[in-house]
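Content type PDB, C-alpha atoms, from the file entry_0.pdb:
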```pdb
ATOM      1  CA  MET A 280     121.600 115.352 130.364
ATOM      2  CA  THR A 281     118.385 115.135 128.378
ATOM      3  CA  SER A 282     116.153 118.115 127.789
ATOM      4  CA  THR A 283     112.520 118.045 126.738
ATOM      5  CA  ALA A 284     110.884 120.329 124.188
ATOM      6  CA  LYS A 285     107.356 120.588 122.844
ATOM      7  CA  SER A 286     106.477 121.291 119.246
ATOM      8  CA  THR A 287     103.431 121.443 117.036
ATOM      9  CA  ALA A 288     103.971 120.119 113.517
ATOM     10  CA  THR A 289     103.586 122.629 110.722
ATOM     11  CA  SER A 290     104.379 122.433 107.046
ATOM     12  CA  ILE A 291     108.026 121.892 106.217
ATOM     13  CA  SER A 292     108.185 125.114 104.223
ATOM     14  CA  ALA A 293     106.986 127.042 107.268
ATOM     15  CA  ILE A 294     109.785 125.876 109.528
ATOM     16  CA  MET A 295     113.348 125.589 109.127
ATOM     17  CA  ASN A 296     116.580 125.410 107.509
ATOM     18  CA  GLY A 297     117.858 123.618 110.601
ATOM     19  CA  PRO A 298     119.714 120.341 110.569
ATOM     20  CA  SER A 299     118.028 117.028 110.066
ATOM     21  CA  SER A 300     118.235 114.477 112.817
ATOM     22  CA  THR A 301     117.124 110.899 113.225
ATOM     23  CA  GLY A 302     115.787 109.224 116.276
ATOM     24  CA  PRO A 303     113.349 106.669 117.579
ATOM     25  CA  SER A 304     109.733 107.385 118.282
ATOM     26  CA  LEU A 305     109.353 106.556 121.972
ATOM     27  CA  GLU A 306     105.591 106.899 122.109
ATOM     28  CA  ARG A 307     102.587 107.563 119.879
ATOM     29  CA  ARG A 308      99.412 108.646 121.607
ATOM     30  CA  ILE A 309      96.018 109.541 120.127
ATOM     31  CA  LEU A 310      94.760 112.845 121.456
ATOM     32  CA  HIS A 311      91.028 113.201 122.072
ATOM     33  CA  PRO A 312      90.085 109.633 121.027
ATOM     34  CA  GLN A 313      86.414 110.387 121.727
ATOM     35  CA  ARG A 314      86.348 112.736 118.718
ATOM     36  CA  PRO A 315      85.721 111.361 115.223
ATOM     37  CA  ALA A 316      88.736 110.273 113.168
ATOM     38  CA  PRO A 317      91.161 111.409 111.935
ATOM     39  CA  HIS A 318      92.743 112.077 115.310
ATOM     40  CA  ALA A 319      95.493 114.407 116.446
ATOM     41  CA  LYS A 320      98.511 112.457 117.631
ATOM     42  CA  LEU A 321     101.318 113.142 120.056
ATOM     43  CA  PHE A 322     104.722 111.644 119.321
ATOM     44  CA  VAL A 323     107.517 111.553 121.875
ATOM     45  CA  VAL A 324     110.817 111.380 120.012
ATOM     46  CA  ARG A 325     114.453 111.049 121.078
ATOM     47  CA  LEU A 326     116.747 113.176 118.883
ATOM     48  CA  GLU A 327     120.489 113.579 118.714
ATOM     49  CA  PRO A 328     120.969 116.909 116.916
ATOM     50  CA  PRO A 329     124.461 117.384 115.474
ATOM     51  CA  GLY A 330     126.771 119.051 118.004
ATOM     52  CA  GLN A 331     124.186 118.971 120.792
ATOM     53  CA  PRO A 332     123.306 116.590 123.598
ATOM     54  CA  PRO A 333     120.412 114.181 123.003
ATOM     55  CA  ILE A 334     116.963 115.616 123.631
ATOM     56  CA  THR A 335     113.474 114.232 124.032
ATOM     57  CA  VAL A 336     110.818 116.214 122.198
ATOM     58  CA  GLU A 337     107.060 116.063 121.870
ATOM     59  CA  LEU A 338     105.620 116.592 118.424
ATOM     60  CA  THR A 339     101.873 117.047 117.949
ATOM     61  CA  LEU A 340     100.422 116.258 114.548
ATOM     62  CA  HIS A 341      96.933 117.615 113.837
ATOM     63  CA  PRO A 342      94.610 116.499 111.022
ATOM     64  CA  SER A 343      94.496 120.150 109.918
ATOM     65  CA  ASP A 344      98.281 120.177 109.331
ATOM     66  CA  ARG A 345      99.016 120.385 105.630
ATOM     67  CA  ASP A 346     101.237 117.283 105.621
ATOM     68  CA  TYR A 347      99.089 115.131 107.956
ATOM     69  CA  MET A 348      97.960 112.700 105.232
ATOM     70  CA  ASP A 349     101.455 112.488 103.694
ATOM     71  CA  ILE A 350     103.226 111.262 106.820
ATOM     72  CA  ALA A 351     103.698 107.579 107.570
ATOM     73  CA  GLN A 352     103.180 107.924 111.309
ATOM     74  CA  PRO A 353     105.691 105.841 113.275
ATOM     75  CA  LYS A 354     104.925 103.358 116.010
ATOM     76  CA  ALA A 355     106.972 103.354 119.193
ATOM     77  CA  GLY A 356     110.483 102.095 118.479
ATOM     78  CA  GLU A 357     110.623 103.068 114.809
ATOM     79  CA  VAL A 358     113.526 105.331 113.826
ATOM     80  CA  ARG A 359     112.611 108.252 111.591
ATOM     81  CA  GLY A 360     114.103 111.471 110.266
ATOM     82  CA  PHE A 361     113.129 114.858 111.663
ATOM     83  CA  LEU A 362     113.918 118.495 111.054
ATOM     84  CA  TYR A 363     114.904 120.306 114.218
ATOM     85  CA  ASP A 364     115.460 124.019 114.733
ATOM     86  CA  PRO A 365     117.609 124.451 117.861
ATOM     87  CA  ARG A 366     116.800 128.172 118.108
ATOM     88  CA  SER A 367     113.031 127.768 118.263
ATOM     89  CA  GLY A 368     112.915 124.185 119.520
ATOM     90  CA  LYS A 369     110.514 123.291 116.694
ATOM     91  CA  VAL A 370     110.616 119.789 115.298
ATOM     92  CA  GLN A 371     108.737 118.108 112.495
ATOM     93  CA  PHE A 372     108.819 115.035 110.328
ATOM     94  CA  ASN A 373     111.354 115.216 107.504
ATOM     95  CA  LEU A 374     109.386 114.200 104.407
ATOM     96  CA  GLU A 375     112.620 113.767 102.475
ATOM     97  CA  ASP A 376     113.214 110.730 104.710
ATOM     98  CA  GLU A 377     111.497 107.917 102.802
ATOM     99  CA  ARG A 378     110.473 106.291 106.099
ATOM    100  CA  ASN A 379     108.207 109.290 106.769
ATOM    101  CA  ASN A 380     106.834 109.826 103.286
ATOM    102  CA  LEU A 381     103.649 107.790 102.864
ATOM    103  CA  THR A 382     103.521 108.384  99.095
ATOM    104  CA  ILE A 383     106.978 106.864  98.636
ATOM    105  CA  MET A 384     106.185 103.957 100.957
ATOM    106  CA  LEU A 385     102.971 103.157  99.059
ATOM    107  CA  ALA A 386     104.743 103.390  95.680
ATOM    108  CA  ASP A 387     107.453 101.006  96.937
ATOM    109  CA  ALA A 388     104.777  98.587  98.204
ATOM    110  CA  ASP A 389     102.996  98.705  94.834
ATOM    111  CA  ALA A 390     106.276  97.967  93.036
ATOM    112  CA  MET A 391     106.996  95.037  95.355
ATOM    113  CA  ALA A 392     103.478  93.651  94.809
ATOM    114  CA  ALA A 393     103.856  93.974  91.026
ATOM    115  CA  GLU A 394     107.211  92.181  91.146
ATOM    116  CA  LEU A 395     105.747  89.373  93.250
ATOM    117  CA  GLU A 396     102.829  89.044  90.836
ATOM    118  CA  ARG A 397     105.264  88.784  87.885
ATOM    119  CA  GLU A 398     107.230  86.069  89.714
ATOM    120  CA  LEU A 399     104.058  84.115  90.485
ATOM    121  CA  ASP A 400     102.950  84.425  86.846
ATOM    122  CA  GLY A 401     106.257  82.959  85.679
ATOM    123  CA  GLY A 402     107.499  86.231  84.246
ATOM    124  CA  TYR A 403     104.603  86.663  81.824
TER     125      TYR A 403
END
```
Any chance you could give the structure as structure tokens?
Amino acid sequence: MTSTAKSTATSISAIMNGPSSTGPSLERRILHPQRPAPHAKLFVVRLEPPGQPPITVELTLHPSDRDYMDIAQPKAGEVRGFLYDPRSGKVQFNLEDERNNLTIMLADADAMAAELERELDGGY
């Protein structure tokens, strides 16, 4: 049986020591698209917390959240890491998961571009 929980993202330090869990993002929806960007977003995520049945959770990410600009926001179908507190039902993106950490993703992309440039330059 699948349960559903709602959560608002907050900074990682403010939440939990709970277990990490991975799961696919089932949906990403812009909230209040008529407002100027950046927009709040709602993510529907399927988690399989250790020792618990799978759950579907909603995670809302607001531009005012401390980590908003650091998160590589997943499209539907992408698997990401999350922190989940079973006692409170709170869930948030796990920034230690490189798939969520925009800074790491951009650094990796820069390194790949530099490597490609070196190859095209003949190693010079």
| query | Evaluating the PyMOL selection byres ((chain A and resi 333-341) around 10) on the displayed file yields which residues, as a PyMOL selection string? | reply | chain A and resi 280-289+302-310+317-332+342-348+350+352+363+368-372
| request: Quote the spacing between CA of Pro298 (chain A) and CA of Ala351 (chain A) in Å to one decimal place. | output: 20.7 Å
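The space between CA of Met391 (chain A) and CA of Arg359 (chain A) spans 21.7 Å.
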| said: Please compute the CA of Glu357 (chain A)-CA of Glu396 (chain A) distance, one decimal, in Å. | reply: 28.8 Å
| task | Could you tell me which residues the PyMOL selection byres ((chain A and resi 378) around 8) grabs in this file, written as JSON, numbers by chain? | result | {"A": [351, 359, 360, 376, 377, 379, 380, 381, 384]}
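Taken over the shown file, the PyMOL selection byres ((chain A and resi 299) around 6) identifies Pro298, Ser300, Phe361 and Leu362 of chain A.
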Return as lines of an AutoDock Vina configuration file the box centre and box size in Å, one decimal, for an axis-aligned box around all listed atoms of region 345-354 of chain A padded by 5 Å per side.
```
center_x = 101.8
center_y = 111.9
center_z = 109.9
size_x = 17.7
size_y = 27.0
size_z = 22.3
```
Incomplete region 316-344 of chain A brought to N, CA and C atoms, written out as a PDB file, in the frame of the given file:
```pdb
ATOM      1  N   ALA A 316      87.465 110.342 113.888  1.00  0.00           N
ATOM      2  CA  ALA A 316      88.736 110.273 113.168  1.00  0.00           C
ATOM      3  C   ALA A 316      88.681 111.216 111.974  1.00  0.00           C
ATOM      4  N   PRO A 317      89.808 111.694 111.474  1.00  0.00           N
ATOM      5  CA  PRO A 317      91.161 111.409 111.935  1.00  0.00           C
ATOM      6  C   PRO A 317      91.482 112.135 113.238  1.00  0.00           C
ATOM      7  N   HIS A 318      92.400 111.554 113.989  1.00  0.00           N
ATOM      8  CA  HIS A 318      92.743 112.077 115.310  1.00  0.00           C
ATOM      9  C   HIS A 318      94.079 112.817 115.295  1.00  0.00           C
ATOM     10  N   ALA A 319      94.189 113.795 116.179  1.00  0.00           N
ATOM     11  CA  ALA A 319      95.493 114.407 116.446  1.00  0.00           C
ATOM     12  C   ALA A 319      96.324 113.369 117.191  1.00  0.00           C
ATOM     13  N   LYS A 320      97.630 113.420 116.976  1.00  0.00           N
ATOM     14  CA  LYS A 320      98.511 112.457 117.631  1.00  0.00           C
ATOM     15  C   LYS A 320      99.701 113.174 118.250  1.00  0.00           C
ATOM     16  N   LEU A 321     100.128 112.644 119.369  1.00  0.00           N
ATOM     17  CA  LEU A 321     101.318 113.142 120.056  1.00  0.00           C
ATOM     18  C   LEU A 321     102.405 112.098 119.916  1.00  0.00           C
ATOM     19  N   PHE A 322     103.562 112.523 119.449  1.00  0.00           N
ATOM     20  CA  PHE A 322     104.722 111.644 119.321  1.00  0.00           C
ATOM     21  C   PHE A 322     105.793 112.137 120.282  1.00  0.00           C
ATOM     22  N   VAL A 323     106.368 111.237 121.037  1.00  0.00           N
ATOM     23  CA  VAL A 323     107.517 111.553 121.875  1.00  0.00           C
ATOM     24  C   VAL A 323     108.718 110.942 121.163  1.00  0.00           C
ATOM     25  N   VAL A 324     109.700 111.785 120.861  1.00  0.00           N
ATOM     26  CA  VAL A 324     110.817 111.380 120.012  1.00  0.00           C
ATOM     27  C   VAL A 324     112.133 111.702 120.699  1.00  0.00           C
ATOM     28  N   ARG A 325     113.105 110.833 120.555  1.00  0.00           N
ATOM     29  CA  ARG A 325     114.453 111.049 121.078  1.00  0.00           C
ATOM     30  C   ARG A 325     115.342 111.448 119.914  1.00  0.00           C
ATOM     31  N   LEU A 326     115.886 112.667 119.960  1.00  0.00           N
ATOM     32  CA  LEU A 326     116.747 113.176 118.883  1.00  0.00           C
ATOM     33  C   LEU A 326     118.168 113.373 119.372  1.00  0.00           C
ATOM     34  N   GLU A 327     119.092 113.256 118.446  1.00  0.00           N
ATOM     35  CA  GLU A 327     120.489 113.579 118.714  1.00  0.00           C
ATOM     36  C   GLU A 327     120.936 114.598 117.679  1.00  0.00           C
ATOM     37  N   PRO A 328     120.578 115.881 117.888  1.00  0.00           N
ATOM     38  CA  PRO A 328     120.969 116.909 116.916  1.00  0.00           C
ATOM     39  C   PRO A 328     122.493 117.019 116.832  1.00  0.00           C
ATOM     40  N   PRO A 329     123.013 117.255 115.635  1.00  0.00           N
ATOM     41  CA  PRO A 329     124.461 117.384 115.474  1.00  0.00           C
ATOM     42  C   PRO A 329     125.037 118.462 116.405  1.00  0.00           C
ATOM     43  N   GLY A 330     126.082 118.101 117.145  1.00  0.00           N
ATOM     44  CA  GLY A 330     126.771 119.051 118.004  1.00  0.00           C
ATOM     45  C   GLY A 330     126.028 119.413 119.276  1.00  0.00           C
ATOM     46  N   GLN A 331     124.959 118.684 119.591  1.00  0.00           N
ATOM     47  CA  GLN A 331     124.186 118.971 120.792  1.00  0.00           C
ATOM     48  C   GLN A 331     123.934 117.677 121.553  1.00  0.00           C
ATOM     49  N   PRO A 332     123.643 117.794 122.848  1.00  0.00           N
ATOM     50  CA  PRO A 332     123.306 116.590 123.598  1.00  0.00           C
ATOM     51  C   PRO A 332     121.951 116.039 123.146  1.00  0.00           C
ATOM     52  N   PRO A 333     121.705 114.762 123.365  1.00  0.00           N
ATOM     53  CA  PRO A 333     120.412 114.181 123.003  1.00  0.00           C
ATOM     54  C   PRO A 333     119.274 114.901 123.728  1.00  0.00           C
ATOM     55  N   ILE A 334     118.142 114.993 123.039  1.00  0.00           N
ATOM     56  CA  ILE A 334     116.963 115.616 123.631  1.00  0.00           C
ATOM     57  C   ILE A 334     115.742 114.736 123.385  1.00  0.00           C
ATOM     58  N   THR A 335     114.769 114.878 124.226  1.00  0.00           N
ATOM     59  CA  THR A 335     113.474 114.232 124.032  1.00  0.00           C
ATOM     60  C   THR A 335     112.479 115.336 123.727  1.00  0.00           C
ATOM     61  N   VAL A 336     111.764 115.184 122.622  1.00  0.00           N
ATOM     62  CA  VAL A 336     110.818 116.214 122.198  1.00  0.00           C
ATOM     63  C   VAL A 336     109.434 115.606 122.011  1.00  0.00           C
ATOM     64  N   GLU A 337     108.436 116.442 122.158  1.00  0.00           N
ATOM     65  CA  GLU A 337     107.060 116.063 121.870  1.00  0.00           C
ATOM     66  C   GLU A 337     106.638 116.786 120.610  1.00  0.00           C
ATOM     67  N   LEU A 338     106.077 116.041 119.691  1.00  0.00           N
ATOM     68  CA  LEU A 338     105.620 116.592 118.424  1.00  0.00           C
ATOM     69  C   LEU A 338     104.135 116.257 118.288  1.00  0.00           C
ATOM     70  N   THR A 339     103.310 117.263 118.122  1.00  0.00           N
ATOM     71  CA  THR A 339     101.873 117.047 117.949  1.00  0.00           C
ATOM     72  C   THR A 339     101.532 117.221 116.482  1.00  0.00           C
ATOM     73  N   LEU A 340     100.824 116.240 115.948  1.00  0.00           N
ATOM     74  CA  LEU A 340     100.422 116.258 114.548  1.00  0.00           C
ATOM     75  C   LEU A 340      98.897 116.320 114.508  1.00  0.00           C
ATOM     76  N   HIS A 341      98.381 117.388 113.912  1.00  0.00           N
ATOM     77  CA  HIS A 341      96.933 117.615 113.837  1.00  0.00           C
ATOM     78  C   HIS A 341      96.414 117.286 112.438  1.00  0.00           C
ATOM     79  N   PRO A 342      95.182 116.774 112.345  1.00  0.00           N
ATOM     80  CA  PRO A 342      94.610 116.499 111.022  1.00  0.00           C
ATOM     81  C   PRO A 342      94.555 117.736 110.129  1.00  0.00           C
ATOM     82  N   SER A 343      94.534 118.919 110.714  1.00  0.00           N
ATOM     83  CA  SER A 343      94.496 120.150 109.918  1.00  0.00           C
ATOM     84  C   SER A 343      95.875 120.541 109.380  1.00  0.00           C
ATOM     85  N   ASP A 344      96.939 119.893 109.847  1.00  0.00           N
ATOM     86  CA  ASP A 344      98.281 120.177 109.331  1.00  0.00           C
ATOM     87  C   ASP A 344      98.350 119.770 107.863  1.00  0.00           C
TER      88      ASP A 344
END
```
